[in-house]
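Data block for run-v9.txt (compact mmCIF, C-alpha atoms):
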```txt
# COMPACT_ATOMS: atom_id res chain seq x y z
CA MET K 223 0.00 0.00 0.00
CA LYS K 224 1.51 3.27 -1.04
CA ASN K 225 -0.74 5.13 1.32
CA THR K 226 1.22 4.14 4.40
CA GLN K 227 4.00 6.56 3.48
CA TRP K 228 3.95 9.70 5.60
CA LYS K 229 4.79 12.89 3.76
CA LEU K 230 5.72 16.06 5.60
CA ARG K 231 2.46 17.62 4.48
CA ASP K 232 0.47 14.70 5.90
CA ALA K 233 2.31 14.89 9.20
CA ILE K 234 1.58 18.60 9.46
CA LEU K 235 -2.06 18.15 8.47
CA LEU K 236 -2.47 15.40 11.04
CA ALA K 237 -0.91 17.61 13.69
CA LEU K 238 -3.11 20.54 12.68
CA ILE K 239 -6.26 18.42 12.91
CA GLY K 240 -5.10 17.25 16.31
CA ILE K 241 -4.52 20.83 17.33
CA ILE K 242 -7.88 22.13 16.08
CA PHE K 243 -9.52 19.53 18.24
CA SER K 244 -7.25 20.16 21.19
CA VAL K 245 -8.62 23.71 21.20
CA ILE K 246 -12.17 22.35 21.04
CA TYR K 247 -11.43 19.81 23.77
CA PHE K 248 -9.95 22.54 25.90
CA LEU K 249 -12.96 24.78 25.37
CA MET K 250 -15.24 21.85 26.21
CA ASP K 251 -13.65 21.41 29.64
CA PRO K 252 -15.67 24.21 31.29
CA MET K 253 -18.78 22.89 29.54
CA TYR K 254 -18.11 19.53 31.16
CA GLN K 255 -17.73 21.31 34.50
CA ILE K 256 -21.17 22.88 34.16
CA ILE K 257 -22.87 19.63 33.15
CA SER K 258 -20.95 17.80 35.83
CA GLY K 259 -21.94 20.37 38.43
CA ALA K 260 -25.58 20.22 37.44
CA LEU K 261 -25.65 16.43 37.56
CA THR K 262 -23.76 16.37 40.87
CA THR K 263 -26.71 17.94 42.61
CA VAL K 264 -28.73 14.82 41.83
CA GLY K 265 -25.76 12.49 42.38
CA LEU K 266 -25.55 11.45 38.75
CA GLN K 267 -22.20 13.02 37.97
CA ALA K 268 -21.05 9.77 36.32
CA PHE K 269 -23.33 10.61 33.40
CA ALA K 270 -21.56 13.90 32.70
CA GLY K 271 -18.62 12.04 31.21
CA GLU K 272 -20.86 9.67 29.28
CA LEU K 273 -22.92 12.46 27.76
CA THR K 274 -19.98 14.50 26.55
CA ILE K 275 -17.43 11.78 25.67
CA GLY K 276 -18.36 11.90 21.97
CA VAL K 277 -16.95 15.38 21.55
CA TRP K 278 -13.57 14.17 22.81
CA MET K 279 -13.56 11.40 20.25
CA MET K 280 -14.10 13.41 17.10
CA ALA K 281 -10.48 14.00 16.08
CA GLY K 282 -9.62 10.35 15.44
CA PRO K 283 -12.29 9.29 12.93
CA LEU K 284 -12.16 12.62 11.12
CA ALA K 285 -8.39 12.52 10.67
CA ALA K 286 -8.61 8.90 9.56
CA TYR K 287 -11.09 9.88 6.87
CA VAL K 288 -9.07 12.89 5.67
CA LEU K 289 -5.70 11.13 5.56
CA LYS K 290 -6.82 7.52 5.00
CA LYS K 291 -3.76 5.90 6.54
CA PRO K 292 -3.44 3.24 9.21
CA GLY K 293 -2.75 4.65 12.64
CA THR K 294 -4.17 8.09 11.88
CA ALA K 295 -7.07 7.91 14.31
CA LEU K 296 -4.81 6.88 17.16
CA LEU K 297 -2.22 9.56 16.44
CA ALA K 298 -4.73 12.38 15.91
CA GLU K 299 -6.46 11.58 19.16
CA MET K 300 -3.16 11.50 21.04
CA ILE K 301 -2.06 14.82 19.56
CA GLY K 302 -5.43 16.28 20.48
CA ALA K 303 -5.02 15.02 24.03
CA ALA K 304 -1.45 16.28 24.34
CA GLY K 305 -2.51 19.68 22.97
CA GLU K 306 -5.34 19.86 25.46
CA MET K 307 -2.92 19.08 28.26
CA PHE K 308 -0.47 21.73 27.15
CA LEU K 309 -3.19 24.34 26.73
CA GLY K 310 -3.85 23.81 30.42
CA GLY K 311 -6.64 21.28 30.43
CA TYR K 312 -6.80 20.28 34.05
CA TRP K 313 -7.09 16.54 33.66
CA GLY K 314 -3.34 16.60 33.30
CA VAL K 315 -1.69 13.27 32.58
CA ALA K 316 -5.02 11.50 32.66
CA THR K 317 -5.74 13.30 29.38
CA LEU K 318 -2.81 11.57 27.71
CA LEU K 319 -3.92 8.15 28.86
CA ALA K 320 -7.49 8.91 27.82
CA GLY K 321 -6.29 10.10 24.40
CA LEU K 322 -4.39 6.87 23.92
CA ILE K 323 -7.39 4.74 24.87
CA GLN K 324 -9.89 6.78 22.84
CA GLY K 325 -7.59 6.81 19.83
CA ALA K 326 -7.03 3.07 20.05
CA GLY K 327 -10.78 2.55 20.37
CA SER K 328 -11.55 4.53 17.23
CA GLU K 329 -8.61 3.06 15.36
CA LEU K 330 -9.89 -0.45 15.98
CA GLY K 331 -13.02 0.26 13.96
CA PHE K 332 -10.96 1.14 10.91
CA THR K 333 -8.62 -1.79 11.49
CA LEU K 334 -11.61 -4.14 11.35
CA THR K 335 -12.23 -3.07 7.75
CA ALA K 336 -8.52 -3.62 7.01
CA TYR K 337 -8.32 0.11 6.20
CA LYS K 338 -10.34 -0.41 3.05
CA ASN K 339 -13.82 0.87 3.73
CA TRP K 340 -13.60 4.23 5.47
CA LYS K 341 -17.34 4.85 5.69
CA LEU K 342 -18.05 1.49 7.31
CA GLY K 343 -14.94 2.05 9.42
CA LEU K 344 -16.44 5.23 10.81
CA TRP K 345 -19.58 3.50 12.06
CA LEU K 346 -17.59 0.56 13.38
CA SER K 347 -15.28 2.98 15.16
CA THR K 348 -18.20 4.45 17.10
CA LEU K 349 -18.92 0.97 18.39
CA THR K 350 -15.33 -0.09 19.12
CA GLY K 351 -14.65 3.35 20.57
CA THR K 352 -17.55 2.92 22.97
CA VAL K 353 -16.51 -0.55 24.06
CA VAL K 354 -12.84 0.31 24.55
CA THR K 355 -13.38 3.62 26.34
CA PHE K 356 -16.09 2.11 28.50
CA GLY K 357 -13.69 -0.63 29.54
CA TRP K 358 -11.14 1.99 30.47
CA GLN K 359 -13.68 4.11 32.31
CA TYR K 360 -14.75 0.99 34.16
CA LEU K 361 -11.25 0.76 35.58
CA GLN K 362 -10.47 4.43 35.95
CA SER K 363 -13.71 5.58 37.52
CA GLY K 364 -14.40 2.42 39.46
CA PHE K 365 -17.60 1.59 37.61
CA GLY K 366 -17.35 -1.91 39.07
CA ASN K 367 -18.97 -0.40 42.13
CA TYR K 368 -22.21 0.37 40.32
CA HIS K 369 -25.16 -1.96 39.81
CA PHE K 370 -25.58 -3.75 36.52
CA GLY K 371 -28.58 -1.64 35.52
CA MET K 372 -26.64 1.56 36.10
CA LEU K 373 -23.75 0.18 34.04
CA LEU K 374 -26.07 -0.66 31.18
CA LEU K 375 -27.50 2.84 31.25
CA LEU K 376 -24.01 4.39 31.37
CA PHE K 377 -22.95 2.31 28.40
CA ALA K 378 -26.02 3.25 26.39
CA VAL K 379 -25.59 6.96 27.07
CA ARG K 380 -21.92 6.73 26.12
CA TYR K 381 -22.75 4.97 22.88
CA LEU K 382 -25.37 7.55 21.95
CA SER K 383 -22.92 10.37 22.62
CA ILE K 384 -20.14 8.80 20.58
CA PHE K 385 -22.59 7.81 17.86
CA PHE K 386 -23.79 11.38 17.54
CA PHE K 387 -20.56 13.36 17.85
CA ALA K 388 -17.94 10.96 16.51
CA GLY K 389 -20.37 9.36 14.04
CA VAL K 390 -23.18 11.53 12.74
CA LEU K 391 -21.40 14.86 13.12
CA VAL K 392 -18.12 13.55 11.71
CA ASN K 393 -19.99 11.96 8.81
CA TRP K 394 -21.63 15.30 8.12
CA ILE K 395 -18.28 17.08 8.04
CA GLU K 396 -16.95 14.38 5.73
CA LYS K 397 -19.86 14.92 3.36
CA LEU K 398 -19.06 18.63 3.26
CA LEU K 399 -15.45 17.77 2.52
CA ASP K 400 -16.45 15.39 -0.25
CA ARG K 401 -18.68 18.00 -1.83
CA SER K 402 -15.94 20.62 -1.69
CA LYS K 403 -13.61 18.20 -3.53
CA PHE K 404 -10.85 19.47 -1.28
CA LEU K 405 -9.45 16.03 -0.65
CA CYS K 406 -8.87 15.23 -4.32
CA THR K 407 -5.31 16.53 -4.25
CA ASP K 408 -4.67 14.16 -1.37
CA ASN K 409 -2.92 11.34 -3.21
CA ASP K 410 -1.05 13.21 -5.89
CA MET L 106 17.48 14.86 37.54
CA MET L 107 15.33 13.46 34.77
CA ASN L 108 15.06 14.47 31.16
CA ALA L 109 11.72 15.36 29.63
CA SER L 110 10.95 11.86 28.30
CA GLN L 111 11.73 10.28 31.63
CA ARG L 112 9.48 12.78 33.36
CA LEU L 113 6.68 11.85 30.97
CA PHE L 114 7.25 8.14 31.61
CA LEU L 115 7.14 8.71 35.36
CA ALA L 116 3.92 10.70 35.08
CA LEU L 117 2.30 8.00 32.94
CA LEU L 118 3.49 5.26 35.26
CA LEU L 119 2.11 7.04 38.29
CA SER L 120 -1.22 7.79 36.68
CA LEU L 121 -1.58 4.14 35.71
CA GLU L 122 -0.90 3.13 39.30
CA ILE L 123 -3.35 5.72 40.57
CA VAL L 124 -6.05 4.64 38.17
CA LEU L 125 -5.68 0.91 38.73
CA THR L 126 -5.63 0.94 42.54
CA ASN L 127 -8.14 1.79 45.22
CA SER L 128 -6.14 3.03 48.17
CA LEU L 129 -7.26 6.23 49.82
CA SER L 130 -4.15 6.58 51.97
CA PHE L 131 -1.91 6.08 48.91
CA ASN L 132 -3.78 8.85 47.09
CA VAL L 133 -3.56 11.20 50.05
CA ILE L 134 0.18 10.62 50.55
CA LEU L 135 0.91 11.19 46.86
CA LEU L 136 -1.34 14.22 46.80
CA LEU L 137 0.52 15.79 49.70
CA PHE L 138 3.86 14.90 48.13
CA PHE L 139 3.03 16.43 44.74
CA ASN L 140 1.55 19.53 46.33
CA GLY L 141 4.77 20.01 48.27
CA LEU L 142 6.88 19.28 45.21
CA ILE L 143 5.25 21.72 42.83
CA LEU L 144 5.19 24.46 45.46
CA TYR L 145 8.87 23.80 46.14
CA GLN L 146 9.54 23.99 42.38
CA GLY L 147 7.96 27.42 42.39
CA LEU L 148 4.67 26.90 40.60
CA PRO L 149 2.97 30.33 40.50
CA LEU L 150 0.39 30.60 43.27
CA LYS L 151 -2.33 31.56 40.83
CA ARG L 152 -1.76 28.43 38.79
CA TYR L 153 -1.66 26.34 41.97
CA LEU L 154 -4.99 27.69 43.18
CA TYR L 155 -6.42 27.18 39.69
CA CYS L 156 -5.57 23.47 39.96
CA TRP L 157 -7.59 23.17 43.15
CA ALA L 158 -10.43 25.25 41.78
CA VAL L 159 -10.96 23.28 38.57
CA GLY L 160 -10.81 19.94 40.32
CA PHE L 161 -13.39 20.93 42.88
CA ILE L 162 -16.64 20.19 41.05
CA PRO L 163 -15.51 16.91 39.38
CA ALA L 164 -14.04 15.68 42.68
CA ILE L 165 -17.16 16.46 44.72
CA GLY L 166 -19.35 15.16 41.93
CA SER L 167 -17.40 11.95 41.68
CA PHE L 168 -17.52 11.43 45.44
CA TRP L 169 -21.23 12.15 45.64
CA SER L 170 -22.08 9.93 42.68
CA PHE L 171 -20.32 6.91 44.21
CA TYR L 172 -21.54 7.68 47.70
CA LEU L 173 -25.15 7.57 46.54
CA TYR L 174 -25.10 4.91 43.82
CA ALA L 175 -22.20 2.52 44.45
CA GLN L 176 -22.86 -1.02 45.66
CA GLY L 177 -22.11 -2.18 49.20
CA ASP L 178 -22.64 -0.79 52.68
CA LEU L 179 -22.19 2.78 53.82
CA SER L 180 -18.53 2.53 54.87
CA HIS L 181 -17.59 0.90 51.56
CA ARG L 182 -19.42 3.55 49.57
CA LEU L 183 -17.75 6.27 51.61
CA HIS L 184 -14.36 4.74 50.89
CA VAL L 185 -14.99 4.37 47.16
CA GLY L 186 -16.29 7.94 47.00
CA LEU L 187 -13.23 9.31 48.76
CA VAL L 188 -10.85 7.29 46.58
CA MET L 189 -12.51 8.55 43.40
CA GLY L 190 -12.66 12.14 44.63
CA SER L 191 -9.00 12.23 45.65
CA ARG L 192 -8.05 10.54 42.38
CA VAL L 193 -9.32 13.55 40.42
CA PHE L 194 -7.08 15.93 42.36
CA LEU L 195 -4.11 13.60 42.25
CA LEU L 196 -4.22 13.29 38.44
CA ILE L 197 -4.47 17.05 38.16
CA PHE L 198 -1.42 17.59 40.35
CA VAL L 199 0.73 14.95 38.65
CA GLY L 200 -0.11 16.75 35.40
CA ALA L 201 0.76 20.10 36.93
CA TRP L 202 4.13 18.73 38.00
CA LEU L 203 4.84 17.43 34.50
CA LEU L 204 3.87 20.65 32.76
CA ASN L 205 5.53 22.96 35.24
CA LYS L 206 9.06 22.19 34.10
CA THR L 207 8.54 20.79 30.60
CA LYS L 208 8.21 22.76 27.38
CA GLU L 209 6.27 21.09 24.54
CA ALA L 210 9.06 21.48 21.99
CA VAL L 211 11.67 20.13 24.42
CA LEU L 212 9.46 17.14 25.21
CA LEU L 213 8.97 16.39 21.51
CA GLN L 214 12.66 16.78 20.75
CA SER L 215 13.72 14.53 23.59
CA LEU L 216 11.08 11.94 22.66
CA GLN L 217 12.40 12.01 19.12
CA GLN L 218 15.99 11.55 20.25
CA ASN L 219 15.29 9.01 22.98
CA LEU L 220 12.78 6.85 21.14
CA HIS L 221 14.17 7.49 17.64
CA LEU L 222 10.87 8.70 16.22
CA SER L 223 10.59 9.89 12.64
CA ASN L 224 12.00 13.37 12.17
CA THR L 225 9.40 14.28 9.56
CA PHE L 226 6.76 13.56 12.14
CA ILE L 227 8.31 15.47 15.01
CA TYR L 228 9.20 18.51 12.91
CA GLY L 229 5.72 18.48 11.42
CA LEU L 230 4.31 18.44 14.95
CA ILE L 231 6.54 21.24 16.17
CA ALA L 232 5.70 23.33 13.11
CA ALA L 233 2.01 22.73 13.69
CA LEU L 234 2.29 23.51 17.40
CA ASN L 235 3.33 27.02 16.49
CA PHE L 236 -0.03 27.46 14.85
CA MET L 237 -1.87 26.89 18.09
CA PRO L 238 -2.51 30.60 18.77
CA ARG L 239 -3.46 31.09 15.12
CA PHE L 240 -6.31 28.64 15.44
CA LYS L 241 -8.10 30.62 18.09
CA GLN L 242 -7.88 33.55 15.71
CA ALA L 243 -8.98 31.38 12.78
CA PHE L 244 -12.10 30.20 14.63
CA GLN L 245 -13.00 33.80 15.42
CA ASN L 246 -12.43 34.78 11.79
CA ILE L 247 -14.65 31.98 10.53
CA GLN L 248 -17.39 32.95 12.94
CA ALA L 249 -17.07 36.63 12.11
CA ALA L 250 -17.12 35.91 8.38
CA SER L 251 -20.33 33.91 8.60
CA GLN L 252 -21.80 36.46 10.96
CA MET L 253 -21.43 39.00 8.15
CA ARG L 254 -23.67 36.83 6.02
CA GLY L 255 -26.18 36.75 8.82
CA VAL L 256 -25.35 33.19 9.86
CA SER L 257 -24.03 32.43 13.31
CA LEU L 258 -21.90 29.33 13.64
CA HIS L 259 -21.80 27.48 16.92
CA TRP L 260 -19.52 24.79 18.24
CA TYR L 261 -21.99 22.02 17.45
CA GLN L 262 -22.32 22.93 13.76
CA PRO L 263 -20.31 20.88 11.26
CA THR L 264 -19.76 23.88 8.97
CA LEU L 265 -17.48 25.43 11.56
CA TYR L 266 -15.27 22.32 11.67
CA PHE L 267 -15.39 21.98 7.92
CA LYS L 268 -14.09 25.51 7.45
CA ALA L 269 -11.40 25.01 10.07
CA LEU L 270 -10.37 21.80 8.28
CA ILE L 271 -10.10 23.59 4.96
CA GLN L 272 -7.92 26.14 6.71
CA ALA L 273 -5.79 23.33 8.14
CA ILE L 274 -5.37 21.68 4.73
CA GLN L 275 -4.23 24.97 3.23
CA TRP L 276 -1.89 25.72 6.10
CA SER L 277 -0.36 22.26 6.03
CA GLU L 278 0.45 22.68 2.34
CA SER L 279 2.02 26.11 2.81
CA LEU L 280 3.90 25.03 5.88
CA ALA L 281 5.31 21.93 4.18
CA MET L 282 6.31 24.06 1.20
CA ALA L 283 7.98 26.60 3.45
CA MET L 284 9.90 23.92 5.32
CA THR L 285 11.09 22.32 2.09
CA ALA L 286 12.10 25.77 0.85
CA HIS L 287 14.19 26.19 3.97
CA GLY L 288 16.04 22.98 3.27
CA PHE L 289 14.04 20.40 5.21
CA GLN L 290 14.39 16.99 3.62
CA GLU L 291 12.07 14.11 4.42
CA GLY L 292 13.88 11.11 5.80
CA ALA L 293 17.27 12.82 5.65
CA GLU L 294 19.85 12.39 8.39
CA ARG L 295 19.73 15.40 10.71
CA SER L 296 22.19 16.75 13.19
CA VAL L 297 20.79 18.35 16.33
CA TYR L 298 21.78 21.56 18.03
CA GLN L 299 20.70 20.46 21.47
CA THR L 300 20.69 16.90 22.73
CA TYR L 301 18.46 15.57 25.46
CA PRO L 302 20.01 12.28 26.51
CA TYR L 303 18.43 10.00 29.11
CA LYS L 304 19.90 10.58 32.53
CA LYS L 305 21.10 7.60 34.52
CA VAL L 306 19.87 9.19 37.76
CA GLY L 307 16.50 9.54 36.08
CA PHE L 308 16.19 5.79 35.62
CA ALA L 309 17.21 5.31 39.25
CA TRP L 310 14.41 7.72 40.22
CA LEU L 311 11.92 5.86 38.05
CA ALA L 312 12.86 2.55 39.66
CA LEU L 313 12.84 4.06 43.15
CA VAL L 314 9.40 5.59 42.67
CA LEU L 315 8.06 2.33 41.27
CA ILE L 316 9.39 0.30 44.21
CA LEU L 317 8.27 2.89 46.77
CA THR L 318 4.77 3.18 45.36
CA ILE L 319 4.29 -0.58 45.15
CA GLY L 320 5.57 -0.86 48.72
CA LEU L 321 3.18 1.86 49.82
CA LEU L 322 0.27 0.14 48.11
CA ARG L 323 1.15 -3.12 49.88
CA LEU L 324 1.39 -1.41 53.27
CA LEU L 325 -1.68 0.75 52.89
CA PRO L 326 -4.37 -1.20 51.05
CA TYR L 327 -7.16 0.97 52.44
```
Starting from the file, give its structure as structure tokens.
Amino acid sequence: MKNTQWKLRDAILLALIGIIFSVIYFLMDPMYQIISGALTTVGLQAFAGELTIGVWMMAGPLAAYVLKKPGTALLAEMIGAAGEMFLGGYWGVATLLAGLIQGAGSELGFTLTAYKNWKLGLWLSTLTGTVVTFGWQYLQSGFGNYHFGMLLLLFAVRYLSIFFFAGVLVNWIEKLLDRSKFLCTDND
Amino acid sequence: MMNASQRLFLALLLSLEIVLTNSLSFNVILLLFFNGLILYQGLPLKRYLYCWAVGFIPAIGSFWSFYLYAQGDLSHRLHVGLVMGSRVFLLIFVGAWLLNKTKEAVLLQSLQQNLHLSNTFIYGLIAALNFMPRFKQAFQNIQAASQMRGVSLHWYQPTLYFKALIQAIQWSESLAMAMTAHGFQEGAERSVYQTYPYKKVGFAWLALVLILTIGLLRLLPY
């Protein structure tokens, strides 16, 4: 596959996509605080993360679609996470770990199509992303302490969030990109 | 003591330990230690207070959520709540320690040298990093431009991201062209002006921290 070769332009574009999203991730942090604060009053703070997770997973699938190379989703998500950390996102090192997990989760969806079908990969990545990040969250946030019903609900909310932000919204952006024919010069 | 890569490894190692264990006393000891350390290293007071302020709602929220909805009796729920609450602060302060003394470009350079990553990649990243402030401006420009056509773009609208992406594609082309014009060659052997070798003491510190933390976790399971 000739498309596994990284050109300087691709590396910069990947980094720029990561950085655009690191700004968005950083700006989303206070939003998370507000939602988290509101849900805390009813003791359902755990859902704050599940509701908003999708936003933090947008960089990976989008970069994968733009660059169409193996590993892109993982790298874009990690750059986004590192950027968020350096901008002063307060989750600190946890951001890096989360970026790695989220990126790997999204990447897996594209791997399952052997990097051939990028549209199917996108929808698969919402599913694999949900499963992988939920597994991580299970460990990190001690979800093992919740009842099964609560876990099921948390998982469903997480999937809906990822499906909407990292699926529907990303797909929409991709359609705009396709229409603009901006990606045609990609493999010159 | 440690170079930037080693500091990153230590931070990642510690956060893994923090995340995978459930010891309140371990969290509290580390929290006190890192608070002392970053104050000793001269973290500006404003930044220090900011760390506490931003962690406040997630920490309380996390505690409250587990206290109300976790399984088990009251004392267990209290313990889980406290572990999760303190975990939030601890991760914030380990991050603050890492960022306090480490510049992005230095971290990237030392990662490149220590782990032998591709130069094209690292230079591309460093070049792109310099565009960070530009992006805030670019987002404002995009919003202002559509505002002039009577359309307001919000964060949840795909058009905003689409336009930012177009901007990124254009910038990446210009930036790559500019770097090539200045003599950057993909895959070429490069000499470096400043080296960031691993420090032997750093590895000793890594090992020491690992042994100490595992010991602590054994001694203080609660």
* Asked: Within 7 Å of range 271-287 of chain K, counting all atoms listed in the file, which residues qualify if same-chain residues fewer than 2 places away don't, as a PyMOL selection string?
  -> chain K and resi 236+239-240+243+247+268-269+289-291+294-296+298-299+324-325+328+340+344+376+379-380+383-384+387-388+392
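The space separating CA of Val211 in chain L from CA of Ala304 in chain K comes to 13.7 Å.
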* Straight-line distance linking CA of Leu119 in chain L with CA of Pro326 in chain L, stated in Å to one decimal -> 16.5 Å
* Please determine the contact residues of chain K with respect to chain L at a cut-off of 6 Å, counting all atoms listed in the file, and supply them as a list of chain:residue names. => K:Leu230, K:Arg231, K:Ala233, K:Ile234, K:Leu235, K:Ala237, K:Leu238, K:Gly259, K:Thr262, K:Gly265, K:Leu266, K:Gln267, K:Tyr312, K:Trp313, K:Gly314, K:Val315, K:Gln362, K:Asn367, K:Tyr368, K:Ile395
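Taking all atoms listed in the file into account, Lys338 in chain K lies nearest to K:Pro292 out of the set K:Val264, K:Ser402, K:Pro292, K:Ile256.
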* Asked: Near Gly327 in chain K, counting all atoms listed in the file, which residues have an atom at most 7 Å away, once you skip same-chain residues fewer than 6 positions from it, shown as number ranges by chain?
  -> K: 347, 350-351, 354-355
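Between CA of Ser110 in chain L and CA of Leu213 in chain L lies a distance of 8.4 Å.
At a cut-off of 12 Å from (-13.4, 25.3, 29.2), the residue set is Ser244, Val245, Ile246, Tyr247, Phe248, Leu249, Met250, Asp251, Pro252, Met253, Tyr254, Gln255, Ile256, Ile257, Glu306, Leu309, Gly310, Gly311, Tyr312 and Trp313 of chain K; Val159 of chain L (counting all atoms listed in the file).
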Provide an axis-aligned box for all listed atoms of range 261-270 of chain K, padding each side by 5 Å; report its centre and its edge lengths in Å to one decimal, as lines of an AutoDock Vina configuration file.
```
center_x = -24.9
center_y = 13.9
center_z = 37.7
size_x = 17.7
size_y = 18.2
size_z = 19.9
```
Counting all atoms listed in the file, what is within 9 Å of Phe131 in chain L, bar same-chain residues fewer than 6 positions away, as a short mmCIF file (atom, residue, chain, number, x, y, z; two decimals) with C-alpha atoms, in the frame of the given file?
```cif
data_model
loop_
_atom_site.label_atom_id
_atom_site.label_comp_id
_atom_site.auth_asym_id
_atom_site.auth_seq_id
_atom_site.Cartn_x
_atom_site.Cartn_y
_atom_site.Cartn_z
CA ILE L 123 -3.35 5.72 40.57
CA THR L 318 4.77 3.18 45.36
CA LEU L 321 3.18 1.86 49.82
CA LEU L 322 0.27 0.14 48.11
CA LEU L 325 -1.68 0.75 52.89
CA PRO L 326 -4.37 -1.20 51.05
CA TYR L 327 -7.16 0.97 52.44
#
```
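Closest to Leu148 in chain L among L:Lys304, L:Lys206, L:Met107, L:Ser180 is L:Lys206, based on only C-alpha atoms.
Distances to Ala210 in chain L were evaluated for L:Phe139, L:Tyr153, L:Tyr145, L:Tyr301 using only C-alpha atoms, and the minimum falls at L:Tyr301.
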* Near Val297 in chain L, within 12 Å and counting only C-alpha atoms, which residues show up once chain neighbours fewer than 5 positions away are dropped, as a PyMOL selection string? -> chain L and resi 214-215+217-218+224+302
